[in-house]
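Peer 1: Provided herewith is a single structure, encoded as structure tokens, for subsequent inquiry.
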There are 2 protein chains.
Amino acid sequence: LSSLKLTQPFIIQEELKNIYLFFTHLFIYFALGSRYVSKTATKTVSEFEYDAPSMKTAVPGPKSQELLRQLGEIQNVGAIHFFCNYEESRGNYLVDVDGNRMLDVYTQISSIPIGYNHPALIKVMTNPNNVSAFVNRPALGILPPENFPEKLFESLLSIAPSGMNRVQTMACGSCSNENAFKSMFIWYRNKERGYASPSEQEVGTCMINQSPGCPDLSILSFMGAFHGRTMGCLATTHSKAIHKLDIPSFDWPIAPFPKLQYPLEEFVRENAQEEARCLEEVEDLIVKWRQKGKPVAGIVIEPIQAEGGDNHASPDFFIKLRNIARKHGCAFHVDEVQTGGGTTGKFWAHEHWGLDDPADIVSFSKKLLTGGYYHRDELQPDKPYRIFNTWMGDPSKNLFLSEVLNVIRRENLLEEVTRSGKALLQGLYSLQTQYPHILSRARGQGTFCAIDACSDATRDSIMLKARNKGLFMGSCGEKTIRFRPALVFKEYHVHQLLNILNDILAEHK
Amino acid sequence: LSSLKLTQPFIIQEELKNIYLFFTHLFIYFALGSRYVSKTATKTVSEFEYDAPSMKTAVPGPKSQELLRQLGEIQNVGAIHFFCNYEESRGNYLVDVDGNRMLDVYTQISSIPIGYNHPALIKVMTNPNNVSAFVNRPALGILPPENFPEKLFESLLSIAPSGMNRVQTMACGSCSNENAFKSMFIWYRNKERGYASPSEQEVGTCMINQSPGCPDLSILSFMGAFHGRTMGCLATTHSKAIHKLDIPSFDWPIAPFPKLQYPLEEFVRENAQEEARCLEEVEDLIVKWRQKGKPVAGIVIEPIQAEGGDNHASPDFFIKLRNIARKHGCAFHVDEVQTGGGTTGKFWAHEHWGLDDPADIVSFSKKLLTGGYYHRDELQPDKPYRIFNTWMGDPSKNLFLSEVLNVIRRENLLEEVTRSGKALLQGLYSLQTQYPHILSRARGQGTFCAIDACSDATRDSIMLKARNKGLFMGSCGEKTIRFRPALVFKEYHVHQLLNILNDILAEHK
């Protein structure tokens, strides 16, 4: 017990006892009544977090390697790092099948909001009122459950970005962006035809993929962007060739994303020039594509380009971009799939911009646990079944999200993120000052931080060494390390991270 | 209790007692330890099914109407039938918020495999060994849980169609088909370039959506097909204009799907001619699109066109189509999103064809609870991250699927489906004989049955009347009623359905 540290003090003693009794009973029930025998019953509700990484083998260890071999018989396993013991993982610490315990600052590609096995989420699972939401997944678009509006109000709508009264849930980030694009196309064509009914020719041609029914409209995206991998999203994704090679695409305009110098506050003039250059190009492209007969129905952008290398731009850039969209009659879609959910210190990264004229669409997924998008009234499709699919999200994810929001509020996690983020960025500045031949361009907002290595090989080598010392990080862009800890990442964990990195850098070369 | 009928005899008395004790304890725990008070605890595990529909109001009733108003403030609610009380729904009976209990033969757009609140699924939920799979959703492509290979083997691979050793899970049907298409494009281009590395030009051009990196390849689909609504899938969907209008698309070839006469066995010669005509057109299109510089990388087809109107074709048609794909070097993709999971009496509808040369890809979702696709070895992408996204499915759905498969085997549900399906189709034949001015073209395989009304208005009127009498059905095509009951739909339920339909038809006009 001496190696455990109390980080979540919100469960009172009495409740703990009840949880213990409950799981004991569960254990007895299943031991008697079924083939399952609980080995981890009392552990999964532990509100204790480990106090440090603990490594037993190199990673991947022998058990992971054996499982890799097994899975390799049915899937390409080239992207798999190791196999996990999620039962034993807690808070910021991910435990693998070989018993290695790592400080996890990648959190399942930035999709775990409040750490592993949070007791509040386990409670959602074990509340009998919620059982039905898990075992009877509804077709939300035709037969929603009684509490669906209530759950949307108490979860997604309680954190809606300003100007957004409407929300549509979806199963994942790509589906969210695909349907957001469709909403923009429908909205744009309705404007063009003056909200009249579509012509017979439109109705006829759309059935065979031809214009005018399937019009030559486009979405403007940015070099380095990542908006997903289904074919509509992929046409706006330009981060890495491996995602796009061999897949047919659309001839849509692609603007340069500003390549800024960091720290931003030291290069204000240079960066403003670079941003002005990109904005000019955006307007040129909109005009050019209109002339080509492929008008831009919408502009899509991430507040911070993540997969593309953690590229930032200033609030001024985004405000001007929004104005350009307005001026040219294009919808403005902010993709917050990776930036949303509190990791920048605000619930939505674009809230840092101070937009007077809100975005038209804000999409989300990952830390929100459900995919989906908010939109302005005008972007709502005019008819049913235009934005539709079988499941339209998953109410069981909304239940978890409600509870995540409760935890964020109760524990002031956004303030916590701001505090930890400052410590992390300061630490990265120190490291790059100390090791200027290895590290550069430290940058970040909240705990959404990154730093560049001098080469991709050096970056990869640092990451592997860190993993073997119990620090699991992600990469992005060409030679960038990205930090994507959960919202329960405290200053205590920051120092742990910096110490491990420092040890590796001191030994490096 | 007299209104309840035992339909699931598999829970023994001792287990029942344990379940009761367990939920009593849950009740006590939550009543004491949290703000939740269980009102439905002992009910949700009931293995009793209702014995008949029971209607209290017209549908939608007043409570549904009030909820529609609330939800209408945040979403387009034009497709919503009514709001549901899933806690009170059991087996084949869906209960709405106004206390109406309906025999459900649409089952959430064909996505509920073994009825509502099946005790076996509730047990999955309440097994503490499974808690972690629900609260810690992993990024399966990089950090799978320890039991992931084992769960794939015991669930999806245990029911793999012949010739399929590999499976990739995905979150929904559209994502499954999008990624299946991508696999076919990657496979096709790798063949074309002789499995050499891509050229610098390919790597460069793909980043800006241009060929040769993003090649002009196509997927051949059929008129009336439905393969999903994301932009790649939507280019192969041709069922209804409302799905496609205003969305940009690809210039891909679309072949006619045979328009057969029913019952199939009475029109063998005419139907064979019609199928030959369509197959000839398929070959012409493949040649034509190759000449246009947009070669067909794959052919995608449903075993029974569902959303497009429940259109059947003969095993001979599909076998010949598979041979055409082979002859022209196109991949052959069978979309079993709606037909898969046992509803035709075999686990996969295409198992009725007796293919010697298996399909290259078989996609699924809905009743399988997880999306995904099986594929032959050759269709596996050559490198990691080519078929990838954050979640790559959801292990908690795999847990439910394993249990669904156990129930299907234990209760011989495929035989049950065959038996009920015969009774249903016979009943529909009788009805169309009795009411030839209203009904025609009864058809089906297993319980995957359909019948046409004389007009869309008549079809809609019959469906609304049936709903108010406690029978909830789905529609498809222009004037078709489609039956998509769960696998626990017994002959007893068939007669209930036929009686209600008969009453309505007797009163009609």
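Convention: chains lettered A, B, ... in structure tokens order; per-chain residue numbering from 1; ligands numbered from 1 as shown.
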Set the distance at 8 Å and use only C-alpha atoms: which residues neighbour segment 275-284 of chain A once local chain neighbours fewer than 6 positions away are removed? I'd like the list as an mmCIF file with N, CA, C and O atoms, in the first residue's frame.
Peer 2:
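Final output, saved to part16.cif:
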```cif
data_model
loop_
_atom_site.group_PDB
_atom_site.id
_atom_site.type_symbol
_atom_site.label_atom_id
_atom_site.label_comp_id
_atom_site.auth_asym_id
_atom_site.auth_seq_id
_atom_site.Cartn_x
_atom_site.Cartn_y
_atom_site.Cartn_z
ATOM 1 N N ALA A 255 -5.349 24.780 -48.853
ATOM 2 C CA ALA A 255 -4.597 26.013 -48.549
ATOM 3 C C ALA A 255 -3.399 25.686 -47.659
ATOM 4 O O ALA A 255 -3.408 24.684 -46.946
ATOM 5 N N PRO A 256 -2.363 26.519 -47.704
ATOM 6 C CA PRO A 256 -1.251 26.313 -46.771
ATOM 7 C C PRO A 256 -1.679 26.660 -45.348
ATOM 8 O O PRO A 256 -2.401 27.637 -45.142
ATOM 9 N N PHE A 257 -1.269 25.847 -44.387
ATOM 10 C CA PHE A 257 -1.484 26.190 -42.975
ATOM 11 C C PHE A 257 -0.247 26.961 -42.529
ATOM 12 O O PHE A 257 0.867 26.591 -42.904
ATOM 13 N N PRO A 258 -0.403 28.027 -41.737
ATOM 14 C CA PRO A 258 0.755 28.839 -41.347
ATOM 15 C C PRO A 258 1.845 27.982 -40.704
ATOM 16 O O PRO A 258 1.555 27.144 -39.851
ATOM 17 N N ALA A 313 -1.850 28.249 -34.705
ATOM 18 C CA ALA A 313 -2.012 29.545 -35.365
ATOM 19 C C ALA A 313 -2.634 30.482 -34.342
ATOM 20 O O ALA A 313 -3.121 30.032 -33.293
ATOM 21 N N PHE A 317 -5.631 34.797 -36.715
ATOM 22 C CA PHE A 317 -5.724 34.022 -37.955
ATOM 23 C C PHE A 317 -7.103 33.389 -38.100
ATOM 24 O O PHE A 317 -7.743 33.475 -39.151
ATOM 25 N N LYS A 320 -9.940 35.921 -38.690
ATOM 26 C CA LYS A 320 -9.944 36.399 -40.082
ATOM 27 C C LYS A 320 -10.429 35.309 -41.043
ATOM 28 O O LYS A 320 -11.102 35.598 -42.033
ATOM 29 N N LEU A 321 -10.082 34.070 -40.737
ATOM 30 C CA LEU A 321 -10.531 32.968 -41.582
ATOM 31 C C LEU A 321 -12.051 32.835 -41.519
ATOM 32 O O LEU A 321 -12.717 32.640 -42.543
ATOM 33 N N ILE A 324 -13.507 35.438 -43.667
ATOM 34 C CA ILE A 324 -13.405 35.083 -45.096
ATOM 35 C C ILE A 324 -14.523 34.113 -45.473
ATOM 36 O O ILE A 324 -15.169 34.254 -46.513
#
```
Peer 1: Calculated over only C-alpha atoms, which of the candidates B:Trp348, B:Leu234, B:Phe318, B:Asn389 has the smallest distance to Ala272 of chain B?
Peer 2: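 So, comparing all the options, the nearest one is B:Phe318.
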Peer 1: Excluding Asn100 of chain B and any residue of its chain fewer than 4 positions from it, enumerate the residues within 10 Å of it, using only C-alpha atoms, and give them as an MDAnalysis selection string.
Peer 2: chainID B and resid 53:61 84:85 93:96 467:470
Peer 1: Tell me, in Å to one decimal, how far atom CA of Arg410 of chain B is from atom CA of Tyr492 of chain B.
Peer 2: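 Value for the atom CA of Arg410 of chain B-atom CA of Tyr492 of chain B distance: 19.8 Å.
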Peer 1: Please identify all polymer residues within 6 Å of Glu178 of chain A, counting only C-alpha atoms, omitting same-chain residues fewer than 5 positions from it, and present them as a list in words.
Peer 2: Gly232 and Cys233 of chain A; Thr230 of chain B
Peer 1: Please produce an output containing N, CA, C and O atoms for each residue in the selection, written as a PDB file, in the first residue's frame.
Peer 2:
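Now in out-v5.pdb:
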```pdb
ATOM      1  N   GLY A 232     -14.789  10.993 -47.795  1.00  0.00           N
ATOM      2  CA  GLY A 232     -15.012  12.436 -47.753  1.00  0.00           C
ATOM      3  C   GLY A 232     -13.983  13.106 -46.854  1.00  0.00           C
ATOM      4  O   GLY A 232     -13.302  14.063 -47.250  1.00  0.00           O
ATOM      5  N   CYS A 233     -13.839  12.607 -45.655  1.00  0.00           N
ATOM      6  CA  CYS A 233     -12.846  13.149 -44.706  1.00  0.00           C
ATOM      7  C   CYS A 233     -11.442  13.081 -45.289  1.00  0.00           C
ATOM      8  O   CYS A 233     -10.652  14.019 -45.140  1.00  0.00           O
TER       9      CYS A 233
ATOM     10  N   THR B 230     -21.710   7.612 -45.761  1.00  0.00           N
ATOM     11  CA  THR B 230     -20.500   8.417 -45.854  1.00  0.00           C
ATOM     12  C   THR B 230     -20.135   8.492 -47.338  1.00  0.00           C
ATOM     13  O   THR B 230     -20.650   7.724 -48.147  1.00  0.00           O
TER      14      THR B 230
END
```
Peer 1: Write down as an mmCIF file with all heavy atoms, in the first residue's frame the residues of segment 145-356 of chain A whose backbone DSSP state falls under strand (DSSP E or B).
Peer 2:
```
data_model
loop_
_atom_site.group_PDB
_atom_site.id
_atom_site.type_symbol
_atom_site.label_atom_id
_atom_site.label_comp_id
_atom_site.auth_asym_id
_atom_site.auth_seq_id
_atom_site.Cartn_x
_atom_site.Cartn_y
_atom_site.Cartn_z
ATOM 1 N N PRO A 145 -34.630 6.556 -26.738
ATOM 2 C CA PRO A 145 -35.130 6.238 -25.400
ATOM 3 C C PRO A 145 -35.716 7.489 -24.741
ATOM 4 O O PRO A 145 -35.410 8.613 -25.132
ATOM 5 C CB PRO A 145 -33.878 5.781 -24.655
ATOM 6 C CG PRO A 145 -32.729 6.369 -25.395
ATOM 7 C CD PRO A 145 -33.165 6.545 -26.813
ATOM 8 N N ARG A 166 -27.748 23.237 -31.353
ATOM 9 C CA ARG A 166 -28.168 21.939 -31.878
ATOM 10 C C ARG A 166 -26.989 20.984 -31.949
ATOM 11 O O ARG A 166 -25.868 21.406 -32.184
ATOM 12 C CB ARG A 166 -28.787 22.119 -33.271
ATOM 13 C CG ARG A 166 -30.078 22.905 -33.183
ATOM 14 C CD ARG A 166 -30.755 23.113 -34.517
ATOM 15 N NE ARG A 166 -32.051 23.724 -34.279
ATOM 16 C CZ ARG A 166 -33.192 23.046 -34.155
ATOM 17 N NH1 ARG A 166 -33.193 21.738 -34.271
ATOM 18 N NH2 ARG A 166 -34.315 23.662 -33.913
ATOM 19 N N VAL A 167 -27.279 19.730 -31.714
ATOM 20 C CA VAL A 167 -26.198 18.741 -31.720
ATOM 21 C C VAL A 167 -26.712 17.433 -32.304
ATOM 22 O O VAL A 167 -27.874 17.062 -32.108
ATOM 23 C CB VAL A 167 -25.634 18.530 -30.291
ATOM 24 C CG1 VAL A 167 -26.651 17.831 -29.390
ATOM 25 C CG2 VAL A 167 -24.317 17.769 -30.323
ATOM 26 N N GLN A 168 -25.849 16.778 -33.057
ATOM 27 C CA GLN A 168 -26.162 15.491 -33.647
ATOM 28 C C GLN A 168 -25.091 14.511 -33.201
ATOM 29 O O GLN A 168 -23.909 14.789 -33.413
ATOM 30 C CB GLN A 168 -26.144 15.643 -35.178
ATOM 31 C CG GLN A 168 -26.537 14.410 -35.908
ATOM 32 C CD GLN A 168 -27.964 13.993 -35.566
ATOM 33 O OE1 GLN A 168 -28.905 14.694 -35.873
ATOM 34 N NE2 GLN A 168 -28.109 12.870 -34.882
ATOM 35 N N THR A 169 -25.468 13.404 -32.558
ATOM 36 C CA THR A 169 -24.438 12.434 -32.174
ATOM 37 C C THR A 169 -24.166 11.460 -33.323
ATOM 38 O O THR A 169 -25.015 11.221 -34.172
ATOM 39 C CB THR A 169 -24.824 11.647 -30.907
ATOM 40 O OG1 THR A 169 -26.091 11.031 -31.099
ATOM 41 C CG2 THR A 169 -24.898 12.565 -29.702
ATOM 42 N N MET A 170 -22.966 10.923 -33.323
ATOM 43 C CA MET A 170 -22.501 9.972 -34.336
ATOM 44 C C MET A 170 -21.578 8.970 -33.630
ATOM 45 O O MET A 170 -21.192 9.186 -32.489
ATOM 46 C CB MET A 170 -21.716 10.693 -35.435
ATOM 47 C CG MET A 170 -22.575 11.519 -36.368
ATOM 48 S SD MET A 170 -23.482 10.449 -37.526
ATOM 49 C CE MET A 170 -24.850 11.526 -37.991
ATOM 50 N N SER A 218 -17.159 21.704 -53.180
ATOM 51 C CA SER A 218 -15.902 21.310 -52.544
ATOM 52 C C SER A 218 -15.843 21.799 -51.100
ATOM 53 O O SER A 218 -16.630 22.642 -50.689
ATOM 54 C CB SER A 218 -14.717 21.873 -53.339
ATOM 55 O OG SER A 218 -14.763 23.282 -53.355
ATOM 56 N N ILE A 219 -14.928 21.223 -50.346
ATOM 57 C CA ILE A 219 -14.595 21.679 -48.987
ATOM 58 C C ILE A 219 -13.135 22.131 -49.035
ATOM 59 O O ILE A 219 -12.279 21.394 -49.522
ATOM 60 C CB ILE A 219 -14.728 20.535 -47.968
ATOM 61 C CG1 ILE A 219 -16.137 19.919 -47.963
ATOM 62 C CG2 ILE A 219 -14.316 20.993 -46.569
ATOM 63 C CD1 ILE A 219 -17.209 20.728 -47.290
ATOM 64 N N LEU A 220 -12.865 23.318 -48.543
ATOM 65 C CA LEU A 220 -11.478 23.791 -48.480
ATOM 66 C C LEU A 220 -10.831 23.319 -47.185
ATOM 67 O O LEU A 220 -11.399 23.482 -46.094
ATOM 68 C CB LEU A 220 -11.428 25.328 -48.572
ATOM 69 C CG LEU A 220 -10.019 25.944 -48.590
ATOM 70 C CD1 LEU A 220 -9.957 27.144 -49.544
ATOM 71 C CD2 LEU A 220 -9.538 26.355 -47.200
ATOM 72 N N SER A 221 -9.664 22.696 -47.330
ATOM 73 C CA SER A 221 -8.928 22.218 -46.156
ATOM 74 C C SER A 221 -7.493 22.746 -46.222
ATOM 75 O O SER A 221 -7.144 23.492 -47.138
ATOM 76 C CB SER A 221 -8.950 20.688 -46.130
ATOM 77 O OG SER A 221 -8.416 20.162 -47.335
ATOM 78 N N PHE A 222 -6.679 22.350 -45.258
ATOM 79 C CA PHE A 222 -5.320 22.887 -45.145
ATOM 80 C C PHE A 222 -4.266 21.786 -45.223
ATOM 81 O O PHE A 222 -4.484 20.675 -44.739
ATOM 82 C CB PHE A 222 -5.176 23.656 -43.822
ATOM 83 C CG PHE A 222 -5.954 24.938 -43.825
ATOM 84 C CD1 PHE A 222 -7.308 24.949 -43.528
ATOM 85 C CD2 PHE A 222 -5.340 26.137 -44.170
ATOM 86 C CE1 PHE A 222 -8.047 26.131 -43.565
ATOM 87 C CE2 PHE A 222 -6.073 27.321 -44.212
ATOM 88 C CZ PHE A 222 -7.434 27.311 -43.906
ATOM 89 N N ILE A 254 -6.787 23.091 -51.399
ATOM 90 C CA ILE A 254 -5.985 22.869 -50.189
ATOM 91 C C ILE A 254 -5.111 24.098 -49.955
ATOM 92 O O ILE A 254 -4.238 24.400 -50.773
ATOM 93 C CB ILE A 254 -5.082 21.625 -50.358
ATOM 94 C CG1 ILE A 254 -5.920 20.413 -50.788
ATOM 95 C CG2 ILE A 254 -4.337 21.326 -49.049
ATOM 96 C CD1 ILE A 254 -5.107 19.365 -51.534
ATOM 97 N N ALA A 255 -5.349 24.780 -48.853
ATOM 98 C CA ALA A 255 -4.597 26.013 -48.549
ATOM 99 C C ALA A 255 -3.399 25.686 -47.659
ATOM 100 O O ALA A 255 -3.408 24.684 -46.946
ATOM 101 C CB ALA A 255 -5.522 27.011 -47.849
ATOM 102 N N VAL A 296 -16.697 26.385 -53.149
ATOM 103 C CA VAL A 296 -16.363 25.940 -51.792
ATOM 104 C C VAL A 296 -17.591 26.092 -50.898
ATOM 105 O O VAL A 296 -17.990 27.201 -50.561
ATOM 106 C CB VAL A 296 -15.173 26.741 -51.229
ATOM 107 C CG1 VAL A 296 -14.913 26.358 -49.773
ATOM 108 C CG2 VAL A 296 -13.922 26.521 -52.079
ATOM 109 N N ALA A 297 -18.188 24.978 -50.498
ATOM 110 C CA ALA A 297 -19.367 25.018 -49.624
ATOM 111 C C ALA A 297 -18.969 25.255 -48.181
ATOM 112 O O ALA A 297 -19.719 25.835 -47.406
ATOM 113 C CB ALA A 297 -20.148 23.715 -49.734
ATOM 114 N N GLY A 298 -17.777 24.814 -47.811
ATOM 115 C CA GLY A 298 -17.349 24.961 -46.425
ATOM 116 C C GLY A 298 -15.844 24.931 -46.285
ATOM 117 O O GLY A 298 -15.133 24.418 -47.153
ATOM 118 N N ILE A 299 -15.363 25.521 -45.190
ATOM 119 C CA ILE A 299 -13.945 25.483 -44.825
ATOM 120 C C ILE A 299 -13.847 24.652 -43.551
ATOM 121 O O ILE A 299 -14.608 24.876 -42.610
ATOM 122 C CB ILE A 299 -13.413 26.908 -44.553
ATOM 123 C CG1 ILE A 299 -13.484 27.749 -45.830
ATOM 124 C CG2 ILE A 299 -12.001 26.876 -43.987
ATOM 125 C CD1 ILE A 299 -13.094 29.213 -45.623
ATOM 126 N N VAL A 300 -12.931 23.688 -43.518
ATOM 127 C CA VAL A 300 -12.758 22.886 -42.305
ATOM 128 C C VAL A 300 -11.335 23.071 -41.776
ATOM 129 O O VAL A 300 -10.374 23.079 -42.558
ATOM 130 C CB VAL A 300 -13.084 21.394 -42.544
ATOM 131 C CG1 VAL A 300 -12.151 20.750 -43.575
ATOM 132 C CG2 VAL A 300 -13.043 20.609 -41.229
ATOM 133 N N ILE A 301 -11.222 23.230 -40.463
ATOM 134 C CA ILE A 301 -9.898 23.465 -39.878
ATOM 135 C C ILE A 301 -9.862 22.973 -38.433
ATOM 136 O O ILE A 301 -10.882 23.006 -37.726
ATOM 137 C CB ILE A 301 -9.518 24.966 -39.955
ATOM 138 C CG1 ILE A 301 -8.019 25.164 -39.703
ATOM 139 C CG2 ILE A 301 -10.380 25.816 -39.017
ATOM 140 C CD1 ILE A 301 -7.472 26.481 -40.201
ATOM 141 N N GLN A 305 -3.432 21.819 -35.500
ATOM 142 C CA GLN A 305 -3.261 20.622 -36.332
ATOM 143 C C GLN A 305 -2.522 19.576 -35.524
ATOM 144 O O GLN A 305 -1.362 19.787 -35.149
ATOM 145 C CB GLN A 305 -2.454 20.949 -37.582
ATOM 146 C CG GLN A 305 -3.239 21.690 -38.646
ATOM 147 C CD GLN A 305 -2.487 21.751 -39.966
ATOM 148 O OE1 GLN A 305 -1.254 21.640 -39.995
ATOM 149 N NE2 GLN A 305 -3.223 21.945 -41.053
ATOM 150 N N ASN A 311 0.617 21.900 -35.133
ATOM 151 C CA ASN A 311 0.841 23.236 -35.692
ATOM 152 C C ASN A 311 -0.194 24.214 -35.165
ATOM 153 O O ASN A 311 -1.394 23.978 -35.282
ATOM 154 C CB ASN A 311 0.756 23.164 -37.222
ATOM 155 C CG ASN A 311 1.704 22.118 -37.775
ATOM 156 O OD1 ASN A 311 2.866 22.048 -37.370
ATOM 157 N ND2 ASN A 311 1.213 21.280 -38.687
ATOM 158 N N ALA A 331 -19.600 27.782 -45.334
ATOM 159 C CA ALA A 331 -19.767 27.419 -43.925
ATOM 160 C C ALA A 331 -18.391 27.284 -43.283
ATOM 161 O O ALA A 331 -17.403 27.007 -43.961
ATOM 162 C CB ALA A 331 -20.541 26.114 -43.811
ATOM 163 N N PHE A 332 -18.343 27.481 -41.965
ATOM 164 C CA PHE A 332 -17.071 27.426 -41.231
ATOM 165 C C PHE A 332 -17.153 26.305 -40.196
ATOM 166 O O PHE A 332 -17.933 26.375 -39.250
ATOM 167 C CB PHE A 332 -16.808 28.775 -40.562
ATOM 168 C CG PHE A 332 -15.454 28.879 -39.905
ATOM 169 C CD1 PHE A 332 -14.293 28.682 -40.634
ATOM 170 C CD2 PHE A 332 -15.348 29.186 -38.548
ATOM 171 C CE1 PHE A 332 -13.037 28.782 -40.039
ATOM 172 C CE2 PHE A 332 -14.095 29.289 -37.939
ATOM 173 C CZ PHE A 332 -12.941 29.086 -38.684
ATOM 174 N N HIS A 333 -16.355 25.280 -40.422
ATOM 175 C CA HIS A 333 -16.419 24.054 -39.619
ATOM 176 C C HIS A 333 -15.121 23.898 -38.822
ATOM 177 O O HIS A 333 -14.048 23.749 -39.408
ATOM 178 C CB HIS A 333 -16.631 22.872 -40.583
ATOM 179 C CG HIS A 333 -16.501 21.506 -39.967
ATOM 180 N ND1 HIS A 333 -16.603 20.350 -40.686
ATOM 181 C CD2 HIS A 333 -16.273 21.099 -38.684
ATOM 182 C CE1 HIS A 333 -16.443 19.292 -39.898
ATOM 183 N NE2 HIS A 333 -16.230 19.715 -38.680
ATOM 184 N N VAL A 334 -15.241 23.939 -37.500
ATOM 185 C CA VAL A 334 -14.084 23.740 -36.634
ATOM 186 C C VAL A 334 -14.074 22.293 -36.157
ATOM 187 O O VAL A 334 -15.018 21.843 -35.509
ATOM 188 C CB VAL A 334 -14.130 24.706 -35.432
ATOM 189 C CG1 VAL A 334 -12.900 24.511 -34.563
ATOM 190 C CG2 VAL A 334 -14.220 26.149 -35.910
ATOM 191 N N ASP A 335 -13.020 21.571 -36.504
ATOM 192 C CA ASP A 335 -12.904 20.161 -36.152
ATOM 193 C C ASP A 335 -12.170 20.052 -34.815
ATOM 194 O O ASP A 335 -10.962 20.229 -34.735
ATOM 195 C CB ASP A 335 -12.136 19.433 -37.268
ATOM 196 C CG ASP A 335 -11.877 17.959 -36.939
ATOM 197 O OD1 ASP A 335 -12.113 17.545 -35.784
ATOM 198 O OD2 ASP A 335 -11.426 17.231 -37.836
#
```
Peer 1: Excluding Phe483 of chain A and residues on its chain fewer than 5 positions from it, collect all residues at most 8 Å away from it, counting only C-alpha atoms, and give them as number ranges by chain.
Peer 2: A: 105-106, 447-450, 473-474
Peer 1: For a quick check of understanding, using only C-alpha atoms, which of B:Ile451, B:Leu425, B:Leu464, B:Leu217 has the smallest distance to His81 of chain B?
Peer 2: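 Of B:Ile451, B:Leu425, B:Leu464, B:Leu217, the one nearest His81 of chain B, counting only C-alpha atoms, is B:Leu464.
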Peer 1: Where in segment 324-449 of chain B does DSSP assign helix (DSSP H, G or I), given as a ChimeraX atom specification?
Peer 2: /B:324-328,349-352,366-368,377-379,395-410,413-434
Peer 1: Compile the contact shell of segment 367-376 of chain A as a list in words: residues with an atom at most 6 Å away, counting only C-alpha atoms, same-chain residues fewer than 2 positions apart removed.
Peer 2: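 So, after excluding close chain neighbours, the residues are Ser111, Ile112, Pro113, Met164, Arg166, Val167, Gln168, Thr169, Met170, Ala171, Cys172, Gly173, Ser176, Gly341, Asp360, Ile361, Val362, Ser363, Phe364, Ser365, Glu378, Leu379 and Lys397 of chain A.
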Peer 1: A:Asn271, A:Pro384, A:Phe48, A:Ser183: which is nearest chain B, counting only C-alpha atoms?
Peer 2: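 Residue with the minimum atom-to-atom distance to chain B: A:Pro384.
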Peer 1: May I ask which of the residues B:His350, B:Lys259, B:Arg290, B:Arg322 is the closest one to Gly309 of chain B, counting only C-alpha atoms?
Peer 2: B:Lys259
